[in-house]
Each structure stands twice: as C-alpha cells, then as structure tokens.
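**Q** Structure below; questions to follow.
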Amino acid sequence: MRLTILGSGTSNGIPVVGCDCAVCQSDDPRDKRTRPSALVEVGDRRVLIDTATELRLQLVREHVLSIDAIVFTHEHADHIYGLDDVRVFSMRQRRALPVYGPPRTLAALKRAFAYVFDESPMTGGGRPQLELHEVDGPFEAAGVPFEPIPVWHGPTPVMAYRVGDMAYVTDVNRIDEPSMSRLRGLDVLVLDALRERPHPTHYSLSEAVAVIEELKPRRAFLTHICHDMGHRDVEGKLPPNVELAYDGLRLELADPVG
C-alpha cells in the first residue's frame, strides 16, 4: 500500500493570500502547502480521501491517471470543494465513482454541488457521476478496507480512517478513549497539528505529540499545518519517530488485509 499526502496545509493554504510572513515567503518547497487530501493506493486501486480545493493541481502534480473511489472525512470547504475535478475520471472510465462519507457530509455535498445530483440531461462540460454511500461501519472502497473512527473537530464530528496499519486523522482536537483504542498498533499515523499555539478546533503541536506518545505508532506525520510553522524550524523540535508531512510525501506500507 502507498499513501500519498496530496495536501498538507490548512484551510487558507500556504502561501496565504496577501501574507508576507517568513513561511509564506519561504524558499523551502515543503512550506508550499495545498489544502488537505490524501491518496491510498493498493495495487492498481486508488482511493481519494477528501477532495481539497486544489485537487486538480494535486492530481496533475502526482500524475494520478485514475481514481476508483472517494472517501470523505467531513464536509468543511477545504475538504470538499475540489469535487468537480473528479468528473474527468467518471467521464474517462464511463462509470459512476463510489463516494463514501458520514450522512451529514453527503447531505452537504448534495447542497453544495446540487448540479451534480440534478436528474435533468447534462449540458456543457458535463458533471461528475457519483454514487453516494453512507458510512456507518467498516466498508470497502474499491476493495480497500476502511475502518471509520469518530473524532472531534471542536463541536463537529469528523471521521478518521484506519486502513490496515495506517490511520489518517485530520481536523481533530479531541479523540475519545473508544476511538483511541482503535488507533493503537499502527505503523503510520497521520495526525492534525495546526500550529504551536493552542486552537479551539485543532490539535496544537504539543497536543499532537502527546497523542502520538500515548498511541505509540512506529511513525507519525503531522498534517493540516498553518503558516505559523516553518518546516525547517519545527522538524528539529520533534521526537525521532515524528515528522511534518508535506505535499507529495509518499509512504510505503504493508497491504491491508480485507
């Protein structure tokens, strides 16, 4: 299995529009962060996690030729507003793409992309062809086993996902004990760490590191990073098994058992 971090930034992206801070003006390519998405590949099957605002640019950059399914963590704009960019795949593959997510997320997709679900004949450039599936327990997306794990993003329930020995946990500031127990025994944990200062809906750097120390994954990668943290400045402060993720990071893991 391969996990690619398509986007490692927070909702503004980095550089932030109109910002001249050191990170936004950095010459380190790892500080150029698009909004959060990830790609899981098992054999020739490819599953997107979220459709970030810059999804087209992410997929072109990583030379992604096909997508077999999409899995959503939640409905916030930076995680869903690239959805129209998947229409090339349903058009090219001549079939609807299965889409998995919590009921409230699927409802938000129907509101935000009403034209996609309009039953009238298609005109112009067409629209994505999608099949929506509510997530209410473990499921397979394109034959890849996903275990949904509820976490909290402030007052908003969000789905983390475990795939074999990897877990992707974005937009989180609280994980209840039943979910913590399902995140143990990992090879790779990808975890939200917005900045060093506290935030009401995201883990800070120290909070994320504390969670990692409790869960004890073999490796951990921090994502959903804002422009308060420069890659070079922060990487030296982290424990040996913890790194900052960056756009285009590729991780090789054992295939999940379905």
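Residue names in the structure tokens use chain letters A, B, ... in the order shown, residue numbers from 1 in each chain, and ligand numbers from 1 in the order shown.
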Once DSSP has gone over the backbone, tell me which residues of segment 27-182 of chain A are in strand (DSSP E or B), as a PyMOL selection string.
**A** chain A and resi 33+37-42+45-49+69-71+97-101+130-134+139-141+144-153+156-163+166-169+174
**Q** Need the shell around Thr170 of chain A: protein/DNA/RNA residues with any atom at most 7 Å away, counting only C-alpha atoms. Skip same-chain ones fewer than 3 positions apart. Format as a ChimeraX atom specification?
**A** /A:160,191-192,224
**Q** Give me, please, the distance in Å between atom CA of Ser120 of chain A and atom CA of Ala96 of chain A, quoted to one decimal.
**A**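 For atom CA of Ser120 of chain A relative to atom CA of Ala96 of chain A, the distance reads 16.4 Å.
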**Q** Measuring between only C-alpha atoms, which one of A:Ile5, A:Val144, A:Leu65, A:Val209 shows the shortest distance to Arg33 of chain A?
**A**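 Comparing A:Ile5, A:Val144, A:Leu65, A:Val209 against Arg33 of chain A, the winner is A:Ile5.
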**Q** What is the atom CA of Arg87 of chain A-atom CA of Met159 of chain A distance in Å, reported with one decimal?
**A** 24.3 Å
**Q** DSSP on the backbone, alpha helix (DSSP H) only: what residues of segment 127-212 of chain A does that give? Format it as a ChimeraX atom specification.
**A** /A:177-181,205-212
**Q** Give me the residues near segment 129-141 of chain A as number ranges by chain, where near means some atom within 8 Å (using only C-alpha atoms) and where sequence neighbours in that chain fewer than 6 positions away do not count.
**A** A: 47, 68-71, 87, 90-91, 95-103, 106, 116, 147-148, 258
**Q** Those same residues - N, CA and C atoms - I'd like them written as a CSV table (one decimal), in the first residue's frame.
**A**
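Produced file part32.csv, reproduced below:
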```csv
chain,number,residue,atom,x,y,z
A,47,VAL,N,-7.8,5.3,-4.1
A,47,VAL,CA,-8.9,5.8,-3.3
A,47,VAL,C,-8.5,7.2,-2.8
A,68,ASP,N,-10.6,5.3,-8.2
A,68,ASP,CA,-11.7,4.3,-8.2
A,68,ASP,C,-12.7,4.5,-7.1
A,69,ALA,N,-12.5,5.4,-6.1
A,69,ALA,CA,-13.5,5.7,-5.1
A,69,ALA,C,-13.0,6.9,-4.3
A,70,ILE,N,-13.9,7.6,-3.6
A,70,ILE,CA,-13.6,8.7,-2.8
A,70,ILE,C,-14.2,8.5,-1.4
A,71,VAL,N,-13.4,8.8,-0.4
A,71,VAL,CA,-13.8,8.7,1.0
A,71,VAL,C,-13.7,10.1,1.6
A,87,ARG,N,-14.7,14.8,-12.2
A,87,ARG,CA,-15.5,14.4,-13.3
A,87,ARG,C,-14.8,13.8,-14.5
A,90,SER,N,-14.8,10.0,-14.0
A,90,SER,CA,-16.1,9.3,-14.3
A,90,SER,C,-16.4,9.3,-15.8
A,91,MET,N,-16.0,10.4,-16.5
A,91,MET,CA,-16.1,10.5,-17.9
A,91,MET,C,-15.2,9.5,-18.6
A,95,ARG,N,-18.1,5.3,-15.9
A,95,ARG,CA,-18.9,4.7,-14.8
A,95,ARG,C,-18.9,5.7,-13.6
A,96,ALA,N,-19.9,5.5,-12.8
A,96,ALA,CA,-20.0,6.4,-11.6
A,96,ALA,C,-18.9,6.0,-10.6
A,97,LEU,N,-18.4,7.1,-9.9
A,97,LEU,CA,-17.5,6.8,-8.8
A,97,LEU,C,-18.2,6.6,-7.5
A,98,PRO,N,-17.9,5.6,-6.8
A,98,PRO,CA,-18.5,5.4,-5.5
A,98,PRO,C,-17.9,6.4,-4.5
A,99,VAL,N,-18.8,7.1,-3.7
A,99,VAL,CA,-18.3,8.1,-2.7
A,99,VAL,C,-18.9,7.7,-1.4
A,100,TYR,N,-18.0,7.7,-0.4
A,100,TYR,CA,-18.3,7.2,1.0
A,100,TYR,C,-18.1,8.4,2.0
A,101,GLY,N,-19.0,8.5,2.9
A,101,GLY,CA,-18.9,9.6,3.9
A,101,GLY,C,-20.0,9.5,4.9
A,102,PRO,N,-19.8,10.2,6.0
A,102,PRO,CA,-20.9,10.3,7.0
A,102,PRO,C,-22.2,11.0,6.4
A,103,PRO,N,-23.4,10.6,6.9
A,103,PRO,CA,-24.6,11.2,6.3
A,103,PRO,C,-24.6,12.7,6.2
A,106,LEU,N,-22.5,13.7,3.2
A,106,LEU,CA,-23.2,13.5,1.9
A,106,LEU,C,-24.3,14.5,1.7
A,116,VAL,N,-24.6,18.5,-9.6
A,116,VAL,CA,-24.1,17.1,-9.8
A,116,VAL,C,-25.2,16.1,-9.7
A,147,GLU,N,-11.7,1.4,8.0
A,147,GLU,CA,-12.4,1.4,9.3
A,147,GLU,C,-12.6,2.9,9.8
A,148,PRO,N,-13.9,3.3,9.8
A,148,PRO,CA,-14.2,4.7,10.2
A,148,PRO,C,-14.1,4.8,11.8
A,258,GLY,N,-8.1,-7.4,3.7
A,258,GLY,CA,-9.5,-7.2,3.6
A,258,GLY,C,-10.4,-8.3,4.1
```
**Q** Excluding Pro240 of chain A and residues on its chain fewer than 3 positions from it, collect all residues at most 10 Å away from it, counting only C-alpha atoms, and give them as a PyMOL selection string.
**A** chain A and resi 219-220+235-237+243
**Q** Store the residues of this selection in a file with C-alpha atoms, as a CSV table (one decimal), in the first residue's frame.
**A**
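What ended up in again_13.csv:
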```csv
chain,number,residue,atom,x,y,z
A,219,ARG,CA,6.0,6.6,12.6
A,220,ALA,CA,3.8,9.7,12.7
A,235,GLU,CA,11.4,19.5,12.3
A,236,GLY,CA,14.3,19.7,14.8
A,237,LYS,CA,11.9,20.0,17.8
A,243,GLU,CA,7.9,14.3,11.1
```
